[in-house]
Structure formats: structure tokens, C-alpha cells
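Asker: Dropping the structure in here first, questions after.
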Amino acid sequence: MDRTIWAENALTIQKELAVCVCGGEDWRIINSNESFASYFIGEHHSAVNTSLLLQLQEINAQSVSKPLQESTEGLAVMYSLDGRDFILSWHWLDRENNIRAIFGHKLTVACSFEESVAAGKELEIIFDNMHDGVWVIDGNGVTIKVNKAMERIAQVKAEEVVGKHVTEAVSLGLTSTCVTLEALKNRQPVTMFDDYSDGVRCLNTSTPVFDAEGKVWRVIACIRDISEMESLKSRLVRAEQEAVLYREKLKNIESRNYDHRGTSSAAIHLERTIERAAKVDAPVLLLGETGTGKTMSATNIHDLSNRRNDPFITINCGAIPADLLEAELFGYEPGAFSGASEKGKPGMFELAENGTLFLDEIAELPLQMQVKLLHVLDGVGYRRLGGVKQFIPDVRIIAATNKELTSLVEEGTFREDLFFRLRVLVVNIPPLRERKEDIPSLINHFLAQANEKYGLYKTMSIGLINLLMNNRWPGNVRELRASIELLVAMSESNLIDVDELPEHHMRLMPEEAASVVKAFKPKSLKVAVEELEERMIREALLEGKSTYKAAKLLQTSQSTIVRKAQRYNINSEVISL
């Protein structure tokens with residue numbers, strides 16, 4: 001039945017319905033309608049903020065006060081008062097804040113047959129339109145009634161179980177347990193999980209209802225299908241797992257773009273080269289000037305490779321003395337040399353097992369160590385210093401240098417066979433001066449990092465960004481990052497402008513850009529706009545050779561160009577009508 005029609009019918013049927021809203025453990029009255037006040041409170045009393053339980057006692061309704069308080073939600077409590085019969089029941093409005101609604105219905109002998117039938121139909125409609133299943137048995141365990149939802153959950157028709165003992169539902173394989181019978185035997189509410197024949201899992205709460213003599217009159221089972229809830233829970237778990245994966249992928253993307261982020265063709269080519277190198281489990285040689293991001297590129301290759309979940313070990317070949325380098329790379333046995341640990345020490349190759357070993361500044365590797373590294377790359381393996389056991393490592397090698405290895409090979413300071421063995425995959429990392437269009441995005445990235453580090457909110461002027469793009473940046477991205485952090489830390493204003501640029505940056509710029517910085521003087525917005533407008537009109541007249549073409553270039557009217565040219569005293573020789 002349509003809910004709107006049902007509601008209209010219900011309003012007509014429930015003209016005598018008494019309603020009260022209570023809160024708290026003492027059932028303090030928050031509000032009530034006139035019917036409830038006239039039946040249960042009294043005409044001359046203000047009921048608001050008083051206990052309903054005390055009000056019932058004042059009108060000699062003690063016999064209903066305690067049963068109503070002890071009754072379960074929705075359970076009807078019948079009693080007589082001054083020759084009138086009433087039914088009272090309560091329902092939660094806000095369980096968390098302990099707010100409930102109490103409904104009272106006056107029963108009259110003079111009730112018409114039609115009204116009685118309508119009231120019965122109303123209860124039938126409510127019973128069959130509940131989303132949860134309801135199964136009712138009597139004091140002998142015989143099924144009295146089941147609603148439509150119960151038929152759907154148990155895949156059974158009411159006529160198949162009504163009038164039969166509730167245990168037959170288990171015998172027929174409709175359900176795995178008989179919770180209503182447990183409540184009947186224990187004479188108290190019982191809550192258990194209940195599995196039905198079609199795999200539906202439910203939460204069954206069975207509550208006994210007692211008659212005036214204290215005997216169990218009915219047991220009402222409220223059965224909620226939790227299969228959908230479990231499905232939602234599993235979907236939520238899957239969504240959370242996917243979110244973790246996406247977060248990890250996002251971290252990889254962010255790290256992959258850390259030192260060579262940008263949209264220039266050089267940055268895009270570098271990113272694609274790194275992705276291709278990550279898919280092949282072969283040695284990689286990274287070539288690039290200092291500060292271009294060779295270490296970050298090596299990290300990105302590892303993070304995108306099949307070895308991403310295994311160690312990534314880094315060693316700077318130029319930072320370790322030659323006599324200690326072998327022990328660092330290959331490890332040593334106890335007592336291998338004076339001052340060695342009594343327990344020995346694993347080398348970088350052992351620590352990087354199944355993962356990646358990044359050899360930074362590979363050009364600084366002594367010739368003797370180059371031979372041993374070549375043996376490892378050729379599959380011969382190595383021995384710990386002072387040891388006899390041969391180790392065959394499963395490690396991917398990534399090497400990097402900022403020097404020309406071909407020149408070192410010609411000079412005899414780098415082995416040619418090792419060079420050939422390392423350059424299976426070569427990744428050339430371009431210097432920052434060859435991808436100037438990426439500098440603004442790098443500036444914004446490092447600016448955000450510096451602001452977060454120092455708890456500041458500083459920005460840079462467009463003029464300063466343009467000038468930084470003209471810097472040759474011999475230290476590449478590393479120098480740019482340090483410069484941005486310096487400007488953020490030392491600037492007194494929240495807007496960092498060109499006049500705060502350190503002197504050493506000016507020396508590194510082309511002469512034209514440096515002269516612009518030195519000539520810069522703060523000016524008003526009006527003056528700056530006028531200077532820009534004059535320059536744009538002058539350039540458009542020079543290019544278009546007429547006010548008509550100049551107007552078309554600047555997307556304005558010819559009369560505006562003529563007027564502005566006269567205002568700025570632009571030489572008439574450039575204007576040709």
C-alpha cells in the first residue's frame with residue numbers, strides 16, 4: 001500500500017491516540033498531546049519536566065507504572081482506570097539520548113465494528129510492512145504468526161508454519177537454531193545468530209511476553225537480515241585495502257616526480273625512460289650533472305620494479321676510503337683485519353639481497369675494486385674479506401656518475417669492460433637549464449615544502465620566478481631547492497620579490513636579466529600598468545605597421561590605439577594610417 005494513503009488512513013483511525021515524549025531514566029515528560037494529558041496527567045497539572053512514572057502513580061495507576069517501565073520496546077501494556085480500558089506502549093525516538101515516545105489508546109465498548117476492523121487492518125499493515133522479520137509463538141511453542149519479511153528471509157509461506165510447533169522449522173531445514181524456544185525455556189530475552197536455508201544470516205532477538213499470572217503468553221522474535229551488513233562490511237574492507245594501495249601508488253608518483261617533475265619534453269622523456277628501465281632487471285647507468293636527481297631516479301627505478309618490496313641500498317663510492325671500500329661492499333669475517341668486529345659484518349651486497357644496490361659516484365671506484373665488481377656482474381660472485389665462502393648475490397646494480405666515463409676509459413682510470421657491462425641501460429638526466437619551462441612547477445613544489453617546514457605562508461612574485469628561470473643553475477635541482485629554502489627563511493615579507501634575490505644569483509644570470517634586477521625599483525600599480533600598456537602598444541604598432549593591425553593584434557578598437565598612442569607620445573613615424 002502507498003505510504004501516503006496509509007498515513008492518511010492512520011490519522012483517521014488514530015483520532016483518539018494519546019502521545020507523549022519522555023527523556024531520561026525517570027521518563028521526564030518533554031511534550032504530550034491533549035489526549036494524553038486528559039487521560040494520564042490531569043487537567044490542572046503542568047506535566048512538562050515531570051516524571052511520567054510519578055504522574056501515573058498520582059492518578060492511582062501504579063499497576064501500570066512498573067510494567068510499562070520494565071516492558072520492552074513496542075510491547076503493549078493493558079490496564080483499567082476508572083472503568084476505562086487502555087493500551088500503553090513505548091518506542092525509541094533517540095536511544096543514544098534516552099528519548100522515547102509513549103502511545104496510549106483508549107478502548108471503548110461503543111467502538112463501531114468498522115473502527116475495530118480498521119484498527120485491526122492498521123496493525124496488520126504495520127506488521128507486514130516491517131523491514132525486519134517477526135516470528136510469534138505462544139506459550140506452548142506453537143507458531144501464531146509470521147510477517148511478510150519473515151517469509152522473505154526464511155523462504156517460507158506463513159501457512160506452512162502457522163499452527164505448527166516451532167521446532168518443525170528446524171526439521172524442515174528452514175533455520176539452524178530455534179531462538180524463540182530458548183527464550184520460552186529461559187523466560188528471558190535471548191539474542192543469537194540464526195542461519196537460514198538460503199545462506200541468509202540473521203540476528204534473532206526473541207523476547208517473552210508474560211500474562212497476569214506470570215506465565216509466558218507469547219514469544220516475539222525480531223529477526224534482522226545481517227547478510228547485507230556483512231556484504232557492506234566486506235566491501236568496506238576491500239575499499240580500505242584499495243585506498244591503501246592507491247595511497248602507496250600516489251606516494252610512488254609523487255616521489256617519481258620529485259626532482260624532475262614537469263611537463264617539458266625532457267622531463268616526460270626522462271620519466272618514460274625510467275619506467276622502461278624499471279621493467280628490465282638489468283644494470284642501469286645514470287648519467288647527469290651534479291644535483292640533477294640521479295639518486296631520486298635510482299629510487300624511482302627501484303620503486304617501479306619487481307624488487308620494490310625488497311631492500312634499496314645506497315653507497316657513495318667516492319665517500320669511502322679505498323682501503324675500506326672492499327669491506328663495505330663485500331663485508332668481512334671476524335678478525336679479518338685490525339679493528340674488525342668480532343662478529344664480522346655483512347657487506348652492501350648481502351644487505352641488498354633480492355633488492356637493488358645503488359653505486360653512486362661509480363667513477364671514483366678504484367681500479368682494483370672495479371675488477372671485483374666486474375666479477376660480481378659476470379656471475380662469478382665474491383668472498384667476504386678474510387673469508388673463503390663464495391657468495392652469488394641476487395642484486396640489481398644501478399650506477400651513477402657526473403663524469404664522462406668514455407674519457408676516463410681513454411685515460412685508463414676506468415675499465416672499459418666494466419663500462420660496457422654497466423651501460424646495458426643508460427638514463428641521461430638533463431640539466432635544469434635544458435628544461436627551464438619546468439622551473440615554475442619546481443619552485444612551487446619547493447616553496448610549499450619550505451613553507452611547511454618553517455610554518456610560513458610565503459609566495460613569490462611573477463617577476464622573481466621569471467628571473468629565476470634565467471639562471472643557469474650549475475647546481476641544478478639541488479641548488480634550486482636550496483635557494484628557495486633560503487629565500488623563504490630569510491625574506492621579511494610574505495611576498496618574496498626580485499629585490500631579495502642574493503647577489504650570487506645575479507652573477508649567474510645573463511647580463512640582460514641581471515640588469516633588470518639591479519634596475520628594479522618598487523613602483524605603484526598604476527605606473528606599472530601604464531608602462532606595460534605603452535610597451536604593448538609600441539610593439540604592436542611596430543609589428544603591424546598600422547593602427548588598424550595593431551588594434552587587431554591587441555583585440556581592441558582602432559580609435560583606442562590612436563588615442564593611447566597620442567597619450568604616450570609614441571613616435572608618429574611608427575604609425576601609418
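Chain identifiers are assigned as A, B, and so on, following the order in which chains appear in the C-alpha cells; residues are numbered from 1 within each chain, and ligands are numbered from 1 in order of appearance.
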When you look at Asp94 in chain A with a cut-off of 12 Å (counting only C-alpha atoms), what residues show up, excluding the ones that are within fewer than 5 positions of it in the same chain? I need them as a ChimeraX atom specification.

Answerer: /A:21-24,99-101

Asker: From a backbone DSSP assignment, name each residue in range 273-312 of chain A labelled alpha helix (DSSP H), as a PyMOL selection string.

Answerer: chain A and resi 273-279+294-304

Asker: Could you jot down the CA of Pro502 in chain A to CA of Lys526 in chain A separation for me, Å, one decimal place?

Answerer: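 Separating CA of Pro502 in chain A from CA of Lys526 in chain A is a distance of 28.1 Å.
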
Asker: Please report, as CSV, each residue of range 57-111 of chain A lying at most 10 Å from range 193-214 of chain A, together with the nearest pair of atoms and the separation in Å rounded to one decimal; use only C-alpha atoms, and order rows by chain and ascending residue number.

Answerer:
```
residue,atom,partner,partner_atom,distance
A:Ser71,CA,A:Val209,CA,8.8
A:Thr72,CA,A:Thr207,CA,8.1
A:Leu75,CA,A:Val209,CA,8.0
A:Ala76,CA,A:Val209,CA,9.5
```

Asker: Name the residues of range 190-389 of chain A that fall into strand (DSSP E) according to DSSP on the backbone, using the chain letters and numbers of this document, as a PyMOL selection string.

Answerer: chain A and resi 190-195+201-210+216-225+284-287+312-316+331-332+345-346+356-360+382-383

Asker: Name the closest residue to Asp26 in chain A among the candidates A:Arg472, A:Ile41, A:Ser65, A:Ala352; distances are taken between atoms, counting only C-alpha atoms.

Answerer: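 Distance minimum relative to Asp26 in chain A lands on A:Ser65.
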
Asker: Tell me which of A:Leu287, A:Ile561, A:Glu34, A:Ala169 sits closest to Gly544 in chain A, counting only C-alpha atoms.

Answerer: A:Ile561

Asker: Can you list, as a list in words, every protein, DNA or RNA residue that comes within 7 Å of range 454-468 of chain A when you count only C-alpha atoms, leaving out same-chain residues fewer than 5 positions away?

Answerer: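 The neighbour list is Pro440, Val488, Asn494, Leu495, Ile496, Asp497, Val498 and Ala513 of chain A.
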
Asker: Give me the residues within 9 Å of range 475-487 of chain A as JSON, numbers by chain, counting only C-alpha atoms and dropping any in the same chain fewer than 3 places off.

Answerer: {"A": [259, 260, 289, 290, 291, 292, 293, 431, 432, 433, 439, 442, 443, 446, 447, 449, 450, 451, 468, 472, 490, 491, 496, 500, 501, 502]}

Asker: Show which residues sit within 10 Å of Trp135 in chain A, as a ChimeraX atom specification. Count only C-alpha atoms, and ignore same-chain residues fewer than 3 positions away.

Answerer: /A:143-147,149-151,158,162,166,180,204,206,219-223

Asker: Just write the chosen residues, C-alpha atoms, as a PDB file, in the first residue's frame.

Answerer:
```
ATOM      1  CA  THR A 143       3.769 -20.598  15.783  1.00  0.00           C
ATOM      2  CA  ILE A 144       0.993 -17.983  15.892  1.00  0.00           C
ATOM      3  CA  LYS A 145       2.106 -15.550  13.212  1.00  0.00           C
ATOM      4  CA  VAL A 146       4.934 -14.597  10.854  1.00  0.00           C
ATOM      5  CA  ASN A 147       5.112 -11.401   8.803  1.00  0.00           C
ATOM      6  CA  ALA A 149       9.571 -10.009   5.879  1.00  0.00           C
ATOM      7  CA  MET A 150       9.921 -13.322   7.723  1.00  0.00           C
ATOM      8  CA  GLU A 151       8.514 -15.150   4.714  1.00  0.00           C
ATOM      9  CA  ALA A 158       3.057 -18.387   6.612  1.00  0.00           C
ATOM     10  CA  VAL A 162       1.453 -21.280  11.459  1.00  0.00           C
ATOM     11  CA  VAL A 166       8.372 -24.007  16.111  1.00  0.00           C
ATOM     12  CA  THR A 180      12.266 -18.465  20.283  1.00  0.00           C
ATOM     13  CA  ASN A 204      17.473 -13.030  16.182  1.00  0.00           C
ATOM     14  CA  SER A 206      13.425 -13.319  20.982  1.00  0.00           C
ATOM     15  CA  VAL A 219       7.452 -15.075  22.473  1.00  0.00           C
ATOM     16  CA  ILE A 220       8.122 -12.448  19.820  1.00  0.00           C
ATOM     17  CA  ALA A 221      11.216 -12.894  17.671  1.00  0.00           C
ATOM     18  CA  CYS A 222      12.571  -9.865  15.812  1.00  0.00           C
ATOM     19  CA  ILE A 223      14.873 -11.123  13.067  1.00  0.00           C
TER      20      ILE A 223
END
```

Asker: Could you work out how far CA of Glu328 in chain A lies from CA of Gly386 in chain A, giving the answer in Å with one decimal?

Answerer: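 Computing it gives 13.1 Å between the two atoms.
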